[in-house]
>>> print(open('data-v9.csv').read())   # CSV, C-alpha atoms and all ligand atoms
chain,number,residue,atom,x,y,z
A,26,MET,CA,19.5,39.9,-6.6
A,27,SER,CA,17.2,41.3,-9.2
A,28,PRO,CA,13.5,40.1,-9.3
A,29,PRO,CA,12.3,38.3,-12.4
A,30,SER,CA,11.3,40.6,-15.2
A,31,ILE,CA,7.6,40.0,-15.6
A,32,LEU,CA,6.4,40.7,-19.1
A,33,GLY,CA,3.7,43.3,-19.2
A,34,ASN,CA,0.2,41.7,-18.6
A,35,CYS,CA,1.8,38.4,-19.3
A,36,LYS,CA,1.5,38.8,-23.0
A,37,THR,CA,3.9,36.7,-24.9
A,38,VAL,CA,5.3,37.7,-28.3
A,39,LEU,CA,4.4,34.3,-29.7
A,40,LYS,CA,2.2,33.7,-32.7
A,41,CYS,CA,0.2,30.5,-32.7
A,42,ASN,CA,-2.9,28.8,-34.1
A,43,THR,CA,-4.2,27.6,-30.8
A,44,ALA,CA,-5.4,31.0,-29.6
A,45,GLY,CA,-9.1,31.7,-29.5
A,46,GLU,CA,-10.1,28.0,-29.9
A,47,ASN,CA,-12.9,26.1,-28.1
A,48,TYR,CA,-12.2,24.7,-24.6
A,49,ALA,CA,-13.7,21.5,-23.1
A,50,ASP,CA,-16.9,22.1,-21.3
A,51,ILE,CA,-15.8,21.7,-17.7
A,52,ASN,CA,-15.6,24.0,-14.8
A,53,TRP,CA,-12.0,25.1,-15.0
A,54,ASP,CA,-12.2,26.7,-11.5
A,55,GLU,CA,-12.9,23.2,-10.0
A,56,LEU,CA,-9.8,21.5,-11.4
A,57,GLY,CA,-7.9,19.5,-8.8
A,58,PHE,CA,-5.2,17.0,-9.1
A,59,SER,CA,-7.3,13.9,-10.0
A,60,LEU,CA,-7.6,12.3,-13.4
A,61,VAL,CA,-9.9,14.0,-15.9
A,62,PRO,CA,-9.8,11.7,-19.0
A,63,THR,CA,-9.2,13.6,-22.3
A,64,ASP,CA,-10.1,12.6,-25.9
A,65,TYR,CA,-7.0,10.9,-27.1
A,66,MET,CA,-3.9,8.9,-26.2
A,67,TYR,CA,-0.8,8.3,-28.2
A,68,VAL,CA,0.4,4.7,-28.8
A,69,MET,CA,3.6,3.4,-30.5
A,70,LYS,CA,4.8,-0.2,-30.4
A,71,CYS,CA,8.1,-1.9,-31.0
A,72,ALA,CA,9.5,-5.4,-30.8
A,73,LYS,CA,12.6,-6.3,-28.8
A,74,GLY,CA,15.7,-5.5,-30.9
A,75,ASP,CA,13.8,-3.1,-33.1
A,76,LYS,CA,13.4,0.6,-33.1
A,77,PHE,CA,10.2,2.6,-32.4
A,78,SER,CA,8.9,3.9,-35.8
A,79,GLN,CA,5.3,4.9,-36.3
A,80,GLY,CA,2.9,5.9,-33.6
A,81,SER,CA,-0.8,6.8,-33.7
A,82,ILE,CA,-3.3,8.9,-31.9
A,83,LEU,CA,-6.2,6.7,-30.6
A,84,PRO,CA,-9.3,7.5,-28.6
A,85,TYR,CA,-8.4,7.4,-24.9
A,86,GLY,CA,-9.6,4.2,-23.3
A,87,ASN,CA,-8.7,0.9,-21.7
A,88,LEU,CA,-5.8,-1.2,-23.0
A,89,GLU,CA,-5.9,-4.9,-23.8
A,90,ILE,CA,-2.9,-6.6,-22.3
A,91,ASN,CA,-1.7,-10.2,-22.0
A,92,PRO,CA,-1.7,-11.5,-18.4
A,93,SER,CA,1.8,-12.6,-19.0
A,94,ALA,CA,3.1,-9.2,-20.0
A,95,GLY,CA,6.5,-8.1,-18.6
A,96,ILE,CA,5.0,-5.0,-17.0
A,97,LEU,CA,2.4,-6.9,-15.1
A,98,ASN,CA,4.7,-9.7,-13.9
A,99,TYR,CA,8.1,-8.2,-13.5
A,100,GLY,CA,7.5,-4.5,-13.4
A,101,GLN,CA,9.3,-3.7,-16.6
A,102,GLY,CA,7.9,-0.2,-16.9
A,103,ILE,CA,8.9,3.4,-16.6
A,104,PHE,CA,7.2,6.7,-16.9
A,105,GLU,CA,7.6,10.4,-17.2
A,106,GLY,CA,5.6,13.5,-16.2
A,107,LEU,CA,5.5,17.0,-17.8
A,108,LYS,CA,3.1,19.8,-18.3
A,109,ALA,CA,1.7,22.0,-21.1
A,110,HIS,CA,0.6,25.5,-20.1
A,111,ARG,CA,-1.5,28.2,-21.9
A,112,THR,CA,0.0,31.6,-22.2
A,113,GLU,CA,-2.4,34.5,-21.7
A,114,ASP,CA,-2.7,34.9,-25.5
A,115,GLY,CA,-3.8,31.3,-25.8
A,116,CYS,CA,-0.6,29.6,-27.1
A,117,ILE,CA,0.6,26.3,-25.6
A,118,LEU,CA,4.0,25.8,-24.1
A,119,LEU,CA,5.9,22.7,-23.0
A,120,PHE,CA,8.7,23.0,-20.5
A,121,ARG,CA,12.0,21.2,-21.4
A,122,PRO,CA,10.4,18.1,-22.9
A,123,ASP,CA,13.8,17.0,-24.3
A,124,GLU,CA,14.9,16.5,-20.6
A,125,ASN,CA,12.0,14.1,-20.1
A,126,ALA,CA,13.0,12.3,-23.4
A,127,GLN,CA,16.6,11.9,-22.2
A,128,ARG,CA,15.5,10.7,-18.7
A,129,MET,CA,13.2,8.2,-20.3
A,130,LYS,CA,16.0,6.9,-22.4
A,131,ARG,CA,18.3,6.5,-19.3
A,132,SER,CA,15.5,4.7,-17.4
A,133,ALA,CA,14.8,2.4,-20.4
A,134,ASP,CA,18.5,1.5,-20.8
A,135,ARG,CA,18.6,0.5,-17.1
A,136,LEU,CA,15.6,-1.8,-17.5
A,137,CYS,CA,16.7,-3.3,-20.9
A,138,MET,CA,14.0,-1.6,-22.9
A,139,PRO,CA,14.1,0.1,-26.3
A,140,SER,CA,13.1,3.7,-26.1
A,141,PRO,CA,11.8,6.3,-28.5
A,142,SER,CA,14.5,8.8,-29.8
A,143,ASN,CA,14.4,12.3,-28.4
A,144,ASP,CA,12.7,13.6,-31.5
A,145,GLN,CA,10.1,10.8,-31.4
A,146,PHE,CA,9.4,11.5,-27.8
A,147,VAL,CA,9.1,15.3,-28.2
A,148,ASN,CA,7.0,15.0,-31.4
A,149,ALA,CA,4.7,12.5,-29.8
A,150,VAL,CA,4.2,14.8,-26.8
A,151,LYS,CA,3.4,17.7,-29.2
A,152,GLN,CA,1.0,15.5,-31.2
A,153,ILE,CA,-1.0,14.4,-28.2
A,154,VAL,CA,-1.2,17.9,-26.7
A,155,LEU,CA,-2.5,19.2,-30.0
A,156,ALA,CA,-5.0,16.4,-30.3
A,157,ASN,CA,-6.2,17.2,-26.8
A,158,LYS,CA,-5.8,21.0,-27.0
A,159,ARG,CA,-9.3,21.7,-25.8
A,160,TRP,CA,-8.2,20.2,-22.5
A,161,VAL,CA,-5.3,22.5,-22.0
A,162,PRO,CA,-6.7,24.8,-19.3
A,163,PRO,CA,-7.1,28.6,-19.9
A,164,SER,CA,-4.2,30.7,-18.7
A,165,GLY,CA,-4.1,30.8,-14.9
A,166,LYS,CA,-6.4,27.9,-14.4
A,167,GLY,CA,-3.8,25.1,-14.3
A,168,SER,CA,-2.1,22.9,-16.9
A,169,LEU,CA,-2.3,19.8,-19.0
A,170,TYR,CA,-0.4,17.1,-17.2
A,171,ILE,CA,1.2,14.7,-19.7
A,172,ARG,CA,2.1,11.2,-18.7
A,173,PRO,CA,4.4,9.2,-21.1
A,174,LEU,CA,4.6,5.5,-20.2
A,175,LEU,CA,7.0,2.8,-21.6
A,176,MET,CA,6.0,-0.7,-20.8
A,177,GLY,CA,7.1,-4.3,-21.6
A,178,THR,CA,3.8,-5.5,-23.0
A,179,GLY,CA,4.9,-8.7,-24.8
A,180,ALA,CA,4.0,-12.0,-23.1
A,181,LEU,CA,6.7,-14.2,-21.4
A,182,LEU,CA,6.9,-16.6,-18.6
A,183,GLY,CA,10.6,-16.6,-17.6
A,184,LEU,CA,12.5,-13.7,-16.0
A,185,ALA,CA,13.7,-11.8,-19.1
A,186,PRO,CA,13.1,-8.6,-21.0
A,187,ALA,CA,9.7,-8.7,-22.7
A,188,PRO,CA,9.5,-9.4,-26.4
A,189,ASP,CA,7.4,-6.3,-27.2
A,190,TYR,CA,7.1,-2.8,-25.9
A,191,THR,CA,4.4,-0.1,-25.9
A,192,PHE,CA,5.1,3.7,-25.6
A,193,LEU,CA,1.9,5.4,-24.6
A,194,ILE,CA,1.1,9.0,-23.6
A,195,TYR,CA,-2.1,10.1,-21.9
A,196,CYS,CA,-3.0,13.5,-20.5
A,197,SER,CA,-5.2,15.1,-17.8
A,198,PRO,CA,-5.9,18.7,-17.1
A,199,ILE,CA,-4.9,19.6,-13.6
A,200,GLY,CA,-5.3,22.6,-11.3
A,201,SER,CA,-2.9,23.5,-8.6
A,202,TYR,CA,-1.1,20.8,-6.6
A,203,HIS,CA,-2.5,22.3,-3.4
A,204,LYS,CA,-5.7,23.7,-4.8
A,205,ASP,CA,-7.4,24.9,-1.6
A,206,LYS,CA,-4.4,27.0,-0.7
A,207,LYS,CA,-3.7,28.8,-3.9
A,208,ARG,CA,-4.2,32.4,-4.8
A,209,LEU,CA,-3.3,34.3,-7.9
A,210,ILE,CA,-0.8,37.2,-7.9
A,211,SER,CA,-0.1,38.9,-11.2
A,212,SER,CA,-1.5,35.9,-13.1
A,213,LEU,CA,1.1,33.6,-11.6
A,214,LEU,CA,-0.1,30.8,-9.5
A,215,ILE,CA,1.5,31.1,-6.1
A,216,ILE,CA,1.2,28.1,-3.8
A,217,THR,CA,0.9,29.1,-0.2
A,218,GLY,CA,0.3,25.6,1.3
A,219,ALA,CA,3.7,24.8,2.7
A,220,LEU,CA,4.5,21.1,3.4
A,221,ASN,CA,5.0,19.4,6.7
A,222,LEU,CA,7.4,16.5,6.2
A,223,LYS,CA,8.2,13.5,8.4
A,224,VAL,CA,11.6,12.0,8.2
A,225,GLU,CA,11.3,8.3,7.6
A,226,ASP,CA,13.9,6.4,9.6
A,227,LYS,CA,12.9,2.8,9.2
A,228,LEU,CA,11.9,2.4,5.5
A,229,TYR,CA,14.2,3.3,2.7
A,230,LYS,CA,13.4,4.3,-0.8
A,231,ALA,CA,16.5,3.3,-2.7
A,232,ILE,CA,19.6,1.2,-2.4
A,233,SER,CA,22.6,3.4,-1.6
A,234,GLY,CA,25.3,3.6,-4.2
A,235,SER,CA,24.9,3.8,-8.0
A,236,GLY,CA,23.8,0.1,-8.5
A,237,GLY,CA,20.1,0.6,-7.6
A,238,THR,CA,17.2,2.1,-9.5
A,239,GLY,CA,16.5,5.2,-7.3
A,240,GLY,CA,17.9,7.3,-10.1
A,241,ILE,CA,15.4,6.2,-12.8
A,242,LYS,CA,11.7,6.7,-13.1
A,243,SER,CA,10.7,3.0,-12.8
A,244,VAL,CA,7.1,2.2,-11.9
A,245,THR,CA,8.5,-0.2,-9.2
A,246,ASN,CA,9.9,2.8,-7.2
A,247,TYR,CA,6.6,4.1,-6.2
A,248,ALA,CA,4.3,1.6,-4.5
A,249,PRO,CA,7.0,0.8,-1.9
A,250,VAL,CA,6.6,4.3,-0.5
A,251,TYR,CA,2.9,3.9,0.1
A,252,THR,CA,3.3,2.4,3.6
A,253,ALA,CA,5.4,5.3,4.8
A,254,ILE,CA,3.2,8.0,3.2
A,255,THR,CA,0.0,6.5,4.5
A,256,ASP,CA,1.4,6.4,8.0
A,257,ALA,CA,2.7,10.0,7.8
A,258,LYS,CA,-0.6,11.3,6.4
A,259,ALA,CA,-2.5,9.5,9.1
A,260,ASN,CA,-0.4,11.5,11.6
A,261,GLY,CA,-1.0,14.9,9.9
A,262,PHE,CA,2.1,15.2,7.7
A,263,SER,CA,2.0,16.1,4.0
A,264,ASP,CA,4.8,13.8,2.8
A,265,VAL,CA,7.8,11.7,3.9
A,266,LEU,CA,11.5,12.7,3.6
A,267,PHE,CA,13.7,9.6,3.0
A,268,LEU,CA,17.2,9.0,4.3
A,269,ASP,CA,20.2,7.2,2.7
A,270,SER,CA,19.9,3.5,3.3
A,271,ALA,CA,23.6,3.0,4.1
A,272,THR,CA,24.0,5.3,7.1
A,273,GLY,CA,20.5,6.8,7.7
A,274,LYS,CA,22.3,10.2,8.3
A,275,TYR,CA,21.8,12.0,5.1
A,276,ILE,CA,18.6,13.3,3.5
A,277,GLU,CA,17.7,12.1,0.0
A,278,GLU,CA,14.3,13.1,-1.4
A,279,ALA,CA,10.6,13.1,-0.6
A,280,SER,CA,8.2,10.5,-2.2
A,281,ALA,CA,8.0,12.4,-5.6
A,282,CYS,CA,10.1,15.5,-5.3
A,283,ASN,CA,13.6,16.7,-4.7
A,284,VAL,CA,14.6,18.7,-1.7
A,285,PHE,CA,16.7,21.8,-1.1
A,286,VAL,CA,17.8,23.4,2.2
A,287,VAL,CA,18.7,27.1,2.4
A,288,LYS,CA,21.2,28.6,4.9
A,289,GLY,CA,22.1,32.3,4.5
A,290,ASN,CA,22.9,33.0,0.9
A,291,ALA,CA,23.5,29.3,0.0
A,292,SER,CA,21.3,26.4,-1.0
A,293,PHE,CA,22.2,22.8,-0.7
A,294,THR,CA,20.6,19.8,-2.3
A,295,PRO,CA,21.6,16.1,-2.1
A,296,ALA,CA,23.9,15.2,-5.0
A,297,ILE,CA,22.4,13.0,-7.6
A,298,ASP,CA,24.3,9.8,-7.3
A,299,GLY,CA,22.0,7.0,-8.4
A,300,THR,CA,19.6,7.0,-5.4
A,301,ILE,CA,17.7,10.2,-6.2
A,302,LEU,CA,15.7,11.0,-9.3
A,303,PRO,CA,17.5,13.7,-11.3
A,304,GLY,CA,14.5,16.1,-11.3
A,305,ILE,CA,14.0,18.5,-14.2
A,306,MET,CA,12.5,21.2,-11.9
A,307,GLY,CA,15.4,20.9,-9.5
A,308,LYS,CA,17.9,21.2,-12.3
A,309,SER,CA,16.1,24.3,-13.6
A,310,ILE,CA,15.8,25.8,-10.1
A,311,ILE,CA,19.5,25.5,-9.5
A,312,GLU,CA,20.2,27.6,-12.6
A,313,ILE,CA,17.5,30.2,-11.5
A,314,ALA,CA,18.9,30.4,-7.9
A,315,ILE,CA,22.4,31.0,-9.3
A,316,ASP,CA,21.1,33.7,-11.6
A,317,LEU,CA,19.5,35.3,-8.5
A,318,GLY,CA,22.8,35.4,-6.8
A,319,TYR,CA,22.6,32.3,-4.6
A,320,ARG,CA,25.3,29.8,-4.1
A,321,VAL,CA,24.0,26.3,-4.9
A,322,LEU,CA,25.9,23.2,-3.8
A,323,GLU,CA,25.0,19.7,-4.8
A,324,ARG,CA,26.4,17.5,-2.0
A,325,ALA,CA,25.5,15.3,0.9
A,326,VAL,CA,23.2,17.1,3.3
A,327,SER,CA,23.0,15.6,6.8
A,328,VAL,CA,19.9,15.5,9.0
A,329,GLU,CA,21.8,17.7,11.5
A,330,GLU,CA,22.6,20.3,8.8
A,331,MET,CA,19.0,20.2,7.6
A,332,LEU,CA,17.7,20.9,11.2
A,333,GLY,CA,20.0,23.9,11.4
A,334,ALA,CA,18.8,25.4,8.1
A,335,ASP,CA,16.7,28.6,7.6
A,336,GLU,CA,14.5,27.4,4.9
A,337,MET,CA,13.6,24.2,2.9
A,338,PHE,CA,11.7,23.6,-0.2
A,339,CYS,CA,10.7,20.8,-2.6
A,340,THR,CA,10.9,20.8,-6.4
A,341,GLY,CA,8.9,18.6,-8.9
A,342,THR,CA,6.8,18.8,-12.0
A,343,ALA,CA,3.5,18.6,-10.1
A,344,MET,CA,4.2,21.3,-7.5
A,345,VAL,CA,7.0,23.1,-9.3
A,346,VAL,CA,8.5,24.6,-6.1
A,347,ASN,CA,6.8,24.3,-2.8
A,348,SER,CA,8.1,25.6,0.5
A,349,ILE,CA,8.4,23.2,3.5
A,350,ALA,CA,7.0,24.7,6.7
A,351,SER,CA,8.4,22.0,9.0
A,352,VAL,CA,10.4,18.8,9.2
A,353,THR,CA,9.9,16.3,12.0
A,354,TYR,CA,12.8,13.9,12.8
A,355,LYS,CA,12.0,11.4,15.5
A,356,LYS,CA,10.7,13.8,18.3
A,357,THR,CA,12.3,17.0,17.0
A,358,ARG,CA,10.3,19.4,14.8
A,359,MET,CA,12.0,22.2,13.0
A,360,ASP,CA,10.0,25.1,11.5
A,361,TYR,CA,11.3,26.9,8.4
A,362,LYS,CA,10.8,30.2,6.8
A,363,THR,CA,7.9,30.4,4.4
A,364,GLY,CA,6.0,33.2,2.7
A,365,PRO,CA,6.7,35.7,0.0
A,366,GLU,CA,10.2,36.6,1.3
A,367,ALA,CA,11.4,33.0,1.2
A,368,LEU,CA,13.8,32.0,-1.6
A,369,SER,CA,11.3,29.3,-2.7
A,370,ALA,CA,8.7,32.0,-3.5
A,371,LYS,CA,11.1,33.9,-5.7
A,372,LEU,CA,12.2,30.8,-7.5
A,373,ARG,CA,8.6,29.7,-8.0
A,374,THR,CA,7.5,33.0,-9.4
A,375,THR,CA,10.4,32.9,-12.0
A,376,LEU,CA,9.9,29.3,-13.0
A,377,VAL,CA,6.1,29.4,-13.2
A,378,GLY,CA,6.5,32.7,-15.1
A,379,ILE,CA,8.8,31.1,-17.7
A,380,GLN,CA,6.5,28.1,-18.0
A,381,THR,CA,3.5,30.3,-18.6
A,382,GLY,CA,5.1,33.0,-20.8
A,383,CYS,CA,5.0,35.7,-18.1
A,384,VAL,CA,8.7,35.8,-17.6
A,385,GLU,CA,11.1,36.1,-20.5
A,386,ASP,CA,12.5,32.6,-21.4
A,387,LYS,CA,16.2,33.6,-21.8
A,388,LYS,CA,17.3,30.0,-21.7
A,389,SER,CA,15.0,28.6,-24.4
A,390,TRP,CA,13.4,26.1,-22.0
A,391,THR,CA,9.9,26.4,-23.5
A,392,VAL,CA,8.7,24.7,-26.7
A,393,LEU,CA,5.7,26.1,-28.5
A,394,VAL,CA,3.1,23.5,-29.5
A,395,ASP,CA,1.3,24.6,-32.7
A,401,LIG,C1,11.1,10.3,-6.8
A,401,LIG,C2,11.0,11.6,-7.5
A,401,LIG,N1,12.0,12.5,-7.2
A,401,LIG,C3,12.0,13.8,-7.8
A,401,LIG,C4,11.0,14.1,-8.7
A,401,LIG,C5,11.1,15.4,-9.4
A,401,LIG,O1,11.3,15.3,-10.8
A,401,LIG,P1,10.9,16.4,-11.8
A,401,LIG,O2,11.4,17.7,-11.3
A,401,LIG,O3,11.5,16.0,-13.1
A,401,LIG,O4,9.4,16.3,-11.8
A,401,LIG,C6,10.0,13.2,-9.0
A,401,LIG,C7,8.9,13.6,-10.0
A,401,LIG,O5,8.9,13.1,-11.1
A,401,LIG,C8,10.0,11.9,-8.4
A,401,LIG,O6,9.0,11.0,-8.7
>>> encode(input="data-v9.csv", output="structure tokens")
Amino acid sequence: MSPPSILGNCKTVLKCNTAGENYADINWDELGFSLVPTDYMYVMKCAKGDKFSQGSILPYGNLEINPSAGILNYGQGIFEGLKAHRTEDGCILLFRPDENAQRMKRSADRLCMPSPSNDQFVNAVKQIVLANKRWVPPSGKGSLYIRPLLMGTGALLGLAPAPDYTFLIYCSPIGSYHKDKKRLISSLLIITGALNLKVEDKLYKAISGSGGTGGIKSVTNYAPVYTAITDAKANGFSDVLFLDSATGKYIEEASACNVFVVKGNASFTPAIDGTILPGIMGKSIIEIAIDLGYRVLERAVSVEEMLGADEMFCTGTAMVVNSIASVTYKKTRMDYKTGPEALSAKLRTTLVGIQTGCVEDKKSWTVLVD
């Protein structure tokens, strides 16, 4: 298993026009994970049956929306999340934005919505990042979180797809997911705050089988987890791990991230079968783990198997890769390996390194915004 090849001083070989420009006047060391409004948002509209065509960059602000809009009444809305990072020489990189474009299209198809083409999606993301470039944190201080939304904004009364749609992107600079627990090693942000998960055995996140909506990023998938998370947090846990709703025997995912268990030289993650969101970080981590010499299997992972594992970690855009210190199932608590020797630490170093230009991007995952 060879360690990732860190490029000297994190200098990329990229040439870009965004280097050496002005930054927004905020304290970048204080960035957390709450919304910091930026200057602009991207808006593109389309009627049912039409195609999205021309979008515009507008000042960031409130939307005017009809009370009878499909999104407000029937939850016809989906979203995405991705990040832009500064390299040490000031260039701006996106990470696999085409994957977000494709996932948005799959989500839109499931909810009977028109969606922007892949090119429209990626171009819109580039445009809004450039418009807000002074909000992309300096290298090592965080990233610009980009939130594309697709909503049924046309008015209707009966239960049906809305007559009009709005594709919108807004952004916010963010620091580390677990800011208090971060430290910098070789310019790579290493998160040391491992998670303590509680297995939720009464409330379920998604209908088992491929007929539900657990596999798409629908806005309606998120508020239903609030009860379980609020309860878990009140009892000192960081997040909730959901089980399959058919048998309650297999793990699925946490509230907003995918999970992996590690045993020996193998890693297992629940297969994506319609109940779990196909995560872009998880997909990338699988490739990196295989490159590092690990066996990765995507298949059902039982609670029993999880409790016998050596290590566990979560993957998701916000946290990238985060180790799991413990999982509590009913009255049993299992502690897992964490720290620099854990697989999750190696995976994180490589993935964050690629995102920030510190590790050579051999897979062409990054896209320069210029
Ligand atoms: C329910 C759920 N699962 C998994 C993920 C991880 O997906 P990704 O790696 O694309 O961020 C997310 C985050 O978007 C999520 O909301």
>>> closest_atom_pairs(input="data-v9.csv", of="stretch 242-317 of chain A", to="stretch 104-121 of chain A", cutoff="8 Å", atoms="all atoms listed in the file", output="CSV")
residue,atom,partner,partner_atom,distance
A:Lys242,CA,A:Phe104,CA,5.9
A:Ser243,CA,A:Phe104,CA,6.5
A:Val244,CA,A:Phe104,CA,6.7
A:Ile305,CA,A:Arg121,CA,7.9
>>> atom_distance(input="data-v9.csv", atom1="atom CA of A:Pro295", atom2="atom CA of A:Leu175")
27.8 Å
>>> atom_distance(input="data-v9.csv", atom1="atom CA of A:Ala343", atom2="atom P1 of ligand LIG 401 (chain A)")
7.9 Å
>>> residues_around(input="data-v9.csv", residues="A:Leu97", least_positions_apart="6", cutoff="10 Å", atoms="all atoms listed in the file", output="PyMOL selection string")
chain A and resi 90-91+176-178+180
>>> residues_near_ligand(input="data-v9.csv", ligand="ligand LIG 401 (chain A)", cutoff="10 Å", atoms="only C-alpha atoms and all ligand atoms", output="MDAnalysis selection string")
chainID A and resid 104:108 121 124:125 128 230:231 239:244 246:247 250 277:284 300:310 339:346
>>> closest_residue(input="data-v9.csv", among="A:Tyr85, A:Trp390, A:Trp160, A:Phe192", to="A:Trp53", atoms="all atoms listed in the file")
A:Trp160
>>> residues_around(input="data-v9.csv", residues="stretch 368-378 of chain A", least_positions_apart="6", cutoff="7 Å", atoms="only C-alpha atoms", output="list in words")
Pro29, Leu213, Ile310, Ile313, Ala314, Phe338, Val345, Val346, Asn347, Ser348 and Val384 of chain A
>>> residues_near_point(input="data-v9.csv", point="(23.1, 2.6, -2.5)", cutoff="8 Å", atoms="all atoms listed in the file", output="PyMOL selection string")
chain A and resi 231-237+269-271+299-300
>>> closest_atom_pairs(input="data-v9.csv", of="stretch 79-141 of chain A", to="stretch 70-73 of chain A", cutoff="12 Å", atoms="all atoms listed in the file", output="JSON lines")
{"residue": "A:Gln79", "atom": "CA", "partner": "A:Lys70", "partner_atom": "CA", "distance": 7.8}
{"residue": "A:Gly80", "atom": "CA", "partner": "A:Lys70", "partner_atom": "CA", "distance": 7.1}
{"residue": "A:Ser81", "atom": "CA", "partner": "A:Lys70", "partner_atom": "CA", "distance": 9.6}
{"residue": "A:Cys137", "atom": "CA", "partner": "A:Lys73", "partner_atom": "CA", "distance": 9.4}
{"residue": "A:Met138", "atom": "CA", "partner": "A:Lys73", "partner_atom": "CA", "distance": 7.7}
{"residue": "A:Pro139", "atom": "CA", "partner": "A:Lys73", "partner_atom": "CA", "distance": 7.0}
{"residue": "A:Ser140", "atom": "CA", "partner": "A:Cys71", "partner_atom": "CA", "distance": 9.0}
{"residue": "A:Pro141", "atom": "CA", "partner": "A:Cys71", "partner_atom": "CA", "distance": 9.3}
>>> residues_around(input="data-v9.csv", residues="A:Asp226", least_positions_apart="3", cutoff="8 Å", atoms="only C-alpha atoms", output="ChimeraX atom specification")
/A:229,267-268,273,355
>>> closest_residue(input="data-v9.csv", among="A:Val326, A:Leu182, A:Ala94, A:Ala253", to="A:Val224", atoms="only C-alpha atoms")
A:Ala253
>>> atom_distance(input="data-v9.csv", atom1="atom CA of A:Lys288", atom2="atom CA of A:Glu336")
6.8 Å
